[in-house]
file work.txt (compact mmCIF, C-alpha atoms)
# COMPACT_ATOMS: atom_id res chain seq x y z
CA MET A 1 0.00 0.00 0.00
CA ARG A 2 2.72 2.42 0.97
CA TYR A 3 4.63 1.60 -2.19
CA ILE A 4 1.60 2.33 -4.33
CA LEU A 5 1.10 5.73 -2.74
CA PHE A 6 4.76 6.43 -3.28
CA PHE A 7 4.39 5.37 -6.90
CA ILE A 8 1.44 7.76 -7.37
CA ALA A 9 3.41 10.62 -5.91
CA ILE A 10 6.37 9.96 -8.20
CA ASN A 11 4.08 9.65 -11.20
CA ILE A 12 2.35 12.95 -10.62
CA PHE A 13 5.68 14.58 -10.05
CA VAL A 14 7.35 13.17 -13.14
CA SER A 15 4.46 13.46 -15.59
CA CYS A 16 4.47 17.25 -15.56
CA SER A 17 8.14 17.96 -15.26
CA THR A 18 9.92 19.71 -18.09
CA SER A 19 13.25 18.81 -19.61
CA LYS A 20 16.45 19.79 -17.87
CA ASN A 21 18.19 23.09 -18.41
CA LEU A 22 20.27 23.69 -21.50
CA TYR A 23 22.69 26.17 -19.98
CA TYR A 24 24.34 27.11 -16.72
CA TRP A 25 23.77 30.73 -15.66
CA GLY A 26 25.01 30.84 -12.06
CA ASN A 27 24.33 34.22 -10.51
CA TYR A 28 24.42 36.01 -13.87
CA GLU A 29 21.24 38.10 -13.57
CA ASN A 30 22.12 39.48 -10.16
CA THR A 31 25.65 40.63 -10.97
CA PHE A 32 24.46 41.96 -14.34
CA TYR A 33 21.68 43.98 -12.71
CA GLN A 34 24.05 45.35 -10.06
CA LYS A 35 26.45 46.45 -12.81
CA VAL A 36 23.67 48.24 -14.70
CA ASN A 37 22.02 49.68 -11.59
CA LYS A 38 25.20 50.96 -9.95
CA PRO A 39 27.69 51.47 -12.77
CA GLY A 40 31.31 51.48 -11.64
CA ASP A 41 34.50 49.46 -11.47
CA GLU A 42 33.38 47.42 -8.49
CA THR A 43 30.10 46.13 -9.96
CA SER A 44 31.68 45.68 -13.39
CA GLU A 45 34.52 43.58 -11.99
CA LYS A 46 32.08 41.47 -9.99
CA HIS A 47 30.04 40.77 -13.11
CA ILE A 48 33.16 39.83 -15.08
CA GLU A 49 34.25 37.52 -12.26
CA GLU A 50 30.81 35.89 -12.24
CA ILE A 51 30.90 35.32 -16.01
CA LYS A 52 34.36 33.74 -15.71
CA SER A 53 33.12 31.50 -12.90
CA ILE A 54 30.05 30.50 -14.98
CA ILE A 55 32.32 29.51 -17.86
CA GLU A 56 34.58 27.51 -15.57
CA LYS A 57 31.68 25.66 -13.92
CA ALA A 58 29.82 25.04 -17.18
CA ASN A 59 32.95 23.58 -18.75
CA LYS A 60 33.51 21.32 -15.77
CA ASN A 61 30.17 19.53 -16.09
CA ASN A 62 29.63 20.19 -19.76
CA VAL A 63 27.58 17.04 -20.11
CA LYS A 64 24.79 18.62 -18.11
CA TYR A 65 24.99 22.32 -18.88
CA LYS A 66 26.74 24.44 -21.43
CA VAL A 67 27.84 28.04 -21.57
CA GLY A 68 24.80 30.03 -22.70
CA PRO A 69 24.39 32.17 -25.82
CA GLY A 70 26.15 35.52 -25.57
CA VAL A 71 28.19 34.74 -22.45
CA TYR A 72 31.57 34.48 -24.22
CA ALA A 73 30.59 37.38 -26.47
CA GLU A 74 29.79 39.58 -23.49
CA LEU A 75 33.10 38.73 -21.79
CA GLY A 76 34.97 39.42 -25.01
CA TYR A 77 33.23 42.77 -25.26
CA TYR A 78 34.33 43.74 -21.75
CA MET A 79 37.91 42.65 -22.45
CA LEU A 80 37.91 44.72 -25.63
CA ALA A 81 36.77 47.76 -23.64
CA LYS A 82 39.77 47.18 -21.35
CA GLY A 83 42.10 46.99 -24.31
CA ASN A 84 42.83 43.26 -24.05
CA ARG A 85 42.48 42.58 -27.76
CA GLU A 86 43.99 39.10 -27.72
CA GLU A 87 41.90 37.87 -24.82
CA ALA A 88 38.80 39.38 -26.38
CA ASP A 89 39.36 37.66 -29.72
CA ASN A 90 39.82 34.41 -27.89
CA TYR A 91 36.38 34.72 -26.31
CA PHE A 92 34.77 35.85 -29.56
CA ALA A 93 36.17 32.74 -31.25
CA LYS A 94 34.68 30.58 -28.48
CA GLU A 95 31.27 32.19 -28.96
CA LEU A 96 31.48 31.60 -32.68
CA SER A 97 32.39 27.94 -32.33
CA LEU A 98 29.54 27.28 -29.87
CA PHE A 99 26.98 29.40 -31.72
CA PRO A 100 27.81 29.87 -35.42
CA GLU A 101 24.63 31.93 -35.82
CA SER A 102 26.38 34.69 -33.84
CA LYS A 103 28.79 35.39 -36.73
CA THR A 104 27.38 38.72 -37.94
CA THR A 105 26.89 40.10 -34.44
CA ILE A 106 30.38 39.05 -33.33
CA LYS A 107 31.84 40.78 -36.36
CA PHE A 108 29.91 43.87 -35.35
CA ILE A 109 30.90 43.80 -31.67
CA SER A 110 34.56 42.92 -32.19
CA LYS A 111 35.29 45.95 -34.38
CA MET B 1 -6.97 -6.56 -4.65
CA LYS B 2 -9.99 -4.50 -5.67
CA ASN B 3 -8.56 -1.56 -3.83
CA ILE B 4 -5.32 -1.88 -5.71
CA LEU B 5 -7.19 -1.90 -9.02
CA LYS B 6 -9.08 1.18 -7.98
CA LEU B 7 -5.82 2.85 -7.14
CA LEU B 8 -4.29 1.90 -10.47
CA CYS B 9 -7.31 3.42 -12.25
CA PHE B 10 -6.81 6.54 -10.21
CA ILE B 11 -3.14 6.70 -11.18
CA ILE B 12 -3.97 6.41 -14.87
CA ILE B 13 -6.66 9.10 -14.67
CA VAL B 14 -4.44 11.44 -12.72
CA ASN B 15 -1.68 10.92 -15.23
CA LEU B 16 -3.94 11.56 -18.20
CA THR B 17 -5.43 14.70 -16.77
CA SER B 18 -2.51 16.20 -14.94
CA CYS B 19 -1.03 17.93 -17.94
CA SER B 20 -4.13 18.86 -19.89
CA SER B 21 -5.91 22.17 -19.71
CA ALA B 22 -9.51 23.05 -20.44
CA ALA B 23 -8.90 25.23 -23.49
CA LYS B 24 -8.04 23.65 -26.82
CA ILE B 25 -5.61 26.29 -27.88
CA THR B 26 -2.25 24.88 -28.91
CA LYS B 27 1.08 26.54 -29.61
CA PHE B 28 0.63 25.77 -33.30
CA SER B 29 -2.97 26.98 -33.57
CA GLU B 30 -2.03 30.23 -31.92
CA PHE B 31 1.40 30.91 -33.47
CA PRO B 32 1.63 29.07 -36.82
CA GLU B 33 3.95 31.68 -38.35
CA ILE B 34 6.82 30.95 -35.99
CA TYR B 35 6.77 27.27 -37.04
CA LYS B 36 6.96 28.37 -40.65
CA GLU B 37 9.78 30.89 -40.21
CA ARG B 38 11.78 29.12 -37.50
CA PRO B 39 13.76 32.14 -36.30
CA GLU B 40 17.12 31.31 -34.71
CA THR B 41 18.52 34.64 -33.56
CA ILE B 42 16.51 37.07 -31.45
CA LEU B 43 17.37 40.72 -30.88
CA PHE B 44 15.98 42.06 -27.62
CA ILE B 45 15.61 45.81 -28.05
CA PRO B 46 15.33 48.35 -25.19
CA PRO B 47 11.83 47.93 -23.70
CA ILE B 48 9.06 50.51 -23.75
CA ASN B 49 8.40 51.68 -20.21
CA ASN B 50 4.93 53.10 -19.64
CA THR B 51 5.38 53.15 -15.88
CA THR B 52 7.11 55.46 -13.44
CA ALA B 53 9.27 52.62 -12.12
CA ALA B 54 12.64 53.77 -13.44
CA ASN B 55 14.50 50.52 -12.79
CA ALA B 56 11.88 48.21 -14.33
CA LYS B 57 13.56 48.48 -17.73
CA ASP B 58 16.95 47.47 -16.30
CA LEU B 59 15.50 44.65 -14.20
CA LEU B 60 13.74 43.14 -17.19
CA ARG B 61 16.58 43.50 -19.67
CA THR B 62 19.21 41.98 -17.38
CA THR B 63 17.07 38.88 -16.77
CA ILE B 64 15.72 38.08 -20.25
CA ALA B 65 18.70 36.30 -21.86
CA PRO B 66 18.85 33.22 -19.57
CA VAL B 67 15.09 32.62 -19.80
CA LEU B 68 14.81 33.13 -23.56
CA SER B 69 17.97 31.09 -24.25
CA GLU B 70 16.52 28.14 -22.34
CA LYS B 71 13.70 28.15 -24.90
CA GLY B 72 16.27 27.27 -27.55
CA TYR B 73 16.96 30.61 -29.20
CA TYR B 74 20.19 32.50 -29.74
CA VAL B 75 19.70 35.73 -27.84
CA LEU B 76 22.02 38.40 -29.21
CA PRO B 77 24.34 39.60 -26.41
CA ILE B 78 22.29 42.14 -24.45
CA GLU B 79 24.96 44.49 -23.07
CA PRO B 80 26.98 45.18 -26.25
CA ILE B 81 23.79 45.79 -28.19
CA PHE B 82 22.27 48.08 -25.56
CA ASP B 83 25.50 50.08 -25.53
CA PHE B 84 25.27 50.34 -29.30
CA PHE B 85 21.70 51.65 -29.05
CA LYS B 86 22.76 54.17 -26.41
CA LEU B 87 25.79 55.37 -28.37
CA ASN B 88 23.63 55.93 -31.41
CA GLY B 89 20.89 57.77 -29.58
CA ALA B 90 18.49 54.92 -30.21
CA TYR B 91 17.88 53.76 -26.65
CA SER B 92 14.23 54.83 -26.92
CA ILE B 93 13.79 53.52 -30.44
CA ALA B 94 10.79 51.37 -29.58
CA GLU B 95 9.13 54.27 -27.77
CA THR B 96 9.75 56.93 -30.38
CA SER B 97 9.54 55.33 -33.80
CA ASP B 98 6.35 54.16 -35.50
CA GLN B 99 8.23 51.70 -37.63
CA LEU B 100 11.16 49.65 -36.38
CA PRO B 101 14.10 49.47 -38.82
CA LEU B 102 13.72 45.71 -39.18
CA GLU B 103 15.93 45.52 -42.27
CA LYS B 104 18.76 47.25 -40.41
CA PHE B 105 18.45 44.79 -37.52
CA SER B 106 18.71 41.96 -39.98
CA GLU B 107 21.67 43.54 -41.78
CA PHE B 108 23.72 44.59 -38.71
CA PHE B 109 23.10 41.64 -36.40
CA ALA B 110 21.59 38.94 -38.62
CA ALA B 111 18.63 38.98 -36.26
CA ASP B 112 15.80 36.78 -37.50
CA ALA B 113 13.33 38.34 -35.09
CA VAL B 114 13.03 41.26 -32.71
CA LEU B 115 11.58 40.89 -29.24
CA MET B 116 9.74 43.98 -28.10
CA LEU B 117 8.71 44.29 -24.48
CA THR B 118 6.24 46.86 -23.19
CA ILE B 119 6.08 47.48 -19.47
CA ASN B 120 2.53 48.57 -18.67
CA GLY B 121 2.63 48.08 -14.94
CA TRP B 122 5.23 47.73 -12.20
CA ASP B 123 3.46 48.63 -8.98
CA LYS B 124 4.80 48.02 -5.52
CA LYS B 125 2.46 47.96 -2.57
CA PHE B 126 3.72 47.72 0.96
CA TYR B 127 1.70 46.73 3.98
CA VAL B 128 2.58 46.61 7.64
CA VAL B 129 3.74 43.06 7.06
CA GLY B 130 5.09 42.34 3.59
CA GLY B 131 3.60 43.61 0.39
CA HIS B 132 3.35 42.73 -3.28
CA VAL B 133 4.53 43.70 -6.72
CA ARG B 134 2.12 43.69 -9.65
CA VAL B 135 3.76 43.42 -13.04
CA ASP B 136 1.93 43.90 -16.33
CA LEU B 137 3.97 43.10 -19.42
CA MET B 138 3.43 42.73 -23.16
CA TYR B 139 5.82 40.73 -25.31
CA GLU B 140 5.86 40.74 -29.10
CA LEU B 141 8.23 38.78 -31.32
CA ILE B 142 8.42 40.35 -34.77
CA SER B 143 9.98 38.79 -37.86
CA THR B 144 12.67 40.96 -39.45
CA LYS B 145 11.93 39.28 -42.78
CA THR B 146 8.18 39.77 -43.02
CA GLY B 147 7.33 42.18 -40.21
CA LYS B 148 4.75 39.67 -39.01
CA THR B 149 4.10 38.96 -35.35
CA LEU B 150 5.46 35.49 -34.65
CA TRP B 151 4.47 35.26 -30.99
CA GLU B 152 2.91 37.55 -28.44
CA VAL B 153 1.63 37.47 -24.91
CA ARG B 154 0.33 39.81 -22.25
CA LYS B 155 1.19 38.77 -18.72
CA ASN B 156 -0.12 40.02 -15.43
CA VAL B 157 1.87 38.76 -12.50
CA LYS B 158 1.28 39.50 -8.86
CA VAL B 159 4.06 38.45 -6.54
CA ASP B 160 3.75 38.64 -2.79
CA THR B 161 6.94 39.90 -1.28
CA SER B 162 6.32 38.88 2.32
CA SER B 163 8.71 36.06 3.05
CA SER B 164 6.21 34.03 5.08
CA ASN B 165 3.90 33.85 2.09
CA GLN B 166 3.53 30.64 0.12
CA ASN B 167 3.97 32.30 -3.26
CA ALA B 168 7.17 33.93 -2.17
CA SER B 169 8.64 30.67 -0.94
CA LEU B 170 7.50 29.01 -4.13
CA LEU B 171 9.24 31.73 -6.05
CA VAL B 172 12.40 31.22 -4.07
CA ASN B 173 12.18 27.48 -4.72
CA ILE B 174 11.75 27.92 -8.45
CA LEU B 175 14.67 30.25 -8.76
CA SER B 176 16.69 28.60 -6.00
CA THR B 177 18.08 31.80 -4.60
CA ALA B 178 19.25 32.00 -1.05
CA VAL B 179 20.04 35.68 -0.80
CA ASN B 180 17.09 37.84 0.07
CA THR B 181 18.11 41.44 -0.28
CA ALA B 182 15.71 43.89 -1.88
CA ALA B 183 17.64 44.06 -5.15
CA THR B 184 17.90 40.32 -5.65
CA GLN B 185 14.22 40.00 -4.83
CA TYR B 186 13.31 42.36 -7.67
CA VAL B 187 15.67 40.53 -10.00
CA ASP B 188 13.83 37.33 -9.07
CA ILE B 189 10.45 38.94 -9.74
CA ALA B 190 11.60 40.10 -13.18
CA LYS B 191 12.89 36.63 -13.96
CA TYR B 192 9.72 35.00 -12.66
CA ALA B 193 7.62 37.25 -14.95
CA HIS B 194 9.75 36.21 -17.95
CA VAL B 195 9.42 32.53 -17.07
CA LEU B 196 5.62 32.76 -16.86
CA ALA B 197 5.28 34.86 -20.00
CA LEU B 198 7.58 32.69 -22.11
CA ALA B 199 5.67 29.53 -21.23
CA THR B 200 3.64 29.90 -24.45
CA ILE B 201 6.51 30.52 -26.89
CA PRO B 202 7.22 27.60 -29.23
CA SER B 203 10.67 26.08 -28.66
CA GLY B 204 13.60 27.29 -30.73
CA PHE B 205 16.06 25.30 -32.85
CA ARG B 206 18.48 24.58 -30.00
CA SER B 207 15.82 23.05 -27.79
CA PRO B 208 15.17 19.29 -27.72
CA ASN B 209 11.47 20.22 -28.12
CA PHE B 210 12.04 22.10 -31.38
CA MET B 211 9.09 21.43 -33.76
CA LYS B 212 7.76 18.85 -31.30
CA ASP B 213 5.56 21.16 -29.25
CA LYS B 214 2.91 22.02 -31.84
CA GLU B 215 0.17 20.19 -29.98
CA VAL B 216 1.09 21.54 -26.56
CA GLN B 217 -1.99 23.26 -25.18
CA ILE B 218 -1.58 26.73 -23.81
CA LYS B 219 -3.65 29.11 -21.74
CA LEU B 220 -3.63 32.67 -22.93

call {"tool": "encode", "arguments": {"input": "work.txt", "output": "structure tokens"}}
result
Amino acid sequence: MRYILFFIAINIFVSCSTSKNLYYWGNYENTFYQKVNKPGDETSEKHIEEIKSIIEKANKNNVKYKVGPGVYAELGYYMLAKGNREEADNYFAKELSLFPESKTTIKFISK
Amino acid sequence: MKNILKLLCFIIIVNLTSCSSAAKITKFSEFPEIYKERPETILFIPPINNTTAANAKDLLRTTIAPVLSEKGYYVLPIEPIFDFFKLNGAYSIAETSDQLPLEKFSEFFAADAVLMLTINGWDKKFYVVGGHVRVDLMYELISTKTGKTLWEVRKNVKVDTSSSNQNASLLVNILSTAVNTAATQYVDIAKYAHVLALATIPSGFRSPNFMKDKEVQIKL
């Protein structure tokens, strides 16, 4: 009897669940909002750190989650603003290899 | 034994009904154009803010990419593009122009579609204990090739902000956030609104559900 009830519970739970996430986003929205809301070196650096940590974590368990669209592109854009051309191009290349449909936009951003 | 059979019947019925809704509106019946065009890249342009909540625009634009990407679309990088709009005096383009330069969006960014968001309500109410935020949003996905509306939704969301409230704890569970400062709470509300609104959008080409969700029933 107990098993059957357990079975029902599992069934209800599973039958409506959606598929697992495609990408890993960490704390992206929070650091991004802080950067936009209180512009400055401190919030910018925190957001860059968070993006780097997202990339590191997503690459560690890349079977489960991947780096999301625009993440490498955004980091490349920030590096370009800092004058780190080589590092920036590296990230743009990563974006392009993960998401070939980003080609035109990357060309535009990386100028 | 009879009881077990009854239970098994119950399980089957629960399973059959648990995912169905009363209305017979499906993603395909409502948005056939998006299945025809199959846009891959989406340009999110600066939202139209019809409210006095100055930070609503920022809250909604910093939270859209993760939610929309999960639907299987390539969301063009938000920050570089918003900077571009600002630098070119086009930050209020959606608010000020009657006709969006769809061809330019296609040419510059290879955007297949433009997502336009209109903020019609962002009202905070505070009580002695807790309070709530009522959010009223309109989303429209427009094809840069045909100018047609591929998907649209209007979403009214009321989120209780008192921590003891069930909705709030549900919200926290869904988004699995531990920090509970005011700022992160508003970020969560913005994200929650996107999640609810985007429930009706057909899946994009990077989703395992791409072209498989035509018969999924939706509530408008």

call {"tool": "residues_near_point", "arguments": {"input": "work.txt", "point": "(29.3, 26.7, -29.0)", "cutoff": "9 Å", "atoms": "all atoms listed in the file", "output": "list in words"}}
result
Lys66, Val67, Gly68, Pro69, Lys94, Glu95, Leu96, Ser97, Leu98, Phe99 and Pro100 of chain A

call {"tool": "residues_around", "arguments": {"input": "work.txt", "residues": "Gly121 in chain B", "least_positions_apart": "2", "cutoff": "7 Å", "atoms": "only C-alpha atoms", "output": "PDB file with C-alpha atoms, keeping the file's coordinate frame"}}
result
ATOM      1  CA  THR B  51       5.380  53.150 -15.880  1.00  0.00           C
ATOM      2  CA  ILE B 119       6.080  47.480 -19.470  1.00  0.00           C
ATOM      3  CA  ASP B 123       3.460  48.630  -8.980  1.00  0.00           C
ATOM      4  CA  ARG B 134       2.120  43.690  -9.650  1.00  0.00           C
ATOM      5  CA  VAL B 135       3.760  43.420 -13.040  1.00  0.00           C
ATOM      6  CA  ASP B 136       1.930  43.900 -16.330  1.00  0.00           C
ATOM      7  CA  LEU B 137       3.970  43.100 -19.420  1.00  0.00           C
TER       8      LEU B 137
END

call {"tool": "interface_residues", "arguments": {"input": "work.txt", "of": "chain A", "to": "chain B", "cutoff": "7 Å", "atoms": "all atoms listed in the file", "output": "ChimeraX atom specification"}}
result
/A:8,12,15-16,21-23,25,29-30,32-33,36,69-70,73-74,77,104-105,109

call {"tool": "atom_distance", "arguments": {"input": "work.txt", "atom1": "CA of Ser44 in chain A", "atom2": "CA of Leu80 in chain A"}}
result
13.8 Å

call {"tool": "closest_residue", "arguments": {"input": "work.txt", "among": "B:Val157, B:Leu196, B:Ile218, B:Ile45", "to": "Lys86 in chain B", "atoms": "only C-alpha atoms"}}
result
B:Ile45

call {"tool": "atom_distance", "arguments": {"input": "work.txt", "atom1": "CA of Ala56 in chain B", "atom2": "CA of Val133 in chain B"}}
result
11.5 Å

call {"tool": "atom_distance", "arguments": {"input": "work.txt", "atom1": "CA of Asp213 in chain B", "atom2": "CA of Thr26 in chain B"}}
result
8.7 Å

call {"tool": "closest_residue", "arguments": {"input": "work.txt", "among": "A:Asn27, A:Asn84, A:Ser102, A:Asn59", "to": "His47 in chain A", "atoms": "only C-alpha atoms"}}
result
A:Asn27

call {"tool": "residues_near_point", "arguments": {"input": "work.txt", "point": "(31.7, 36.1, -28.5)", "cutoff": "6 Å", "atoms": "all atoms listed in the file", "output": "PyMOL selection string"}}
result
chain A and resi 72-73+76+91-92+95+106

call {"tool": "closest_residue", "arguments": {"input": "work.txt", "among": "B:Gly131, B:Gly89, B:Pro46, B:Gly204", "to": "Asp112 in chain B", "atoms": "all atoms listed in the file"}}
result
B:Gly204
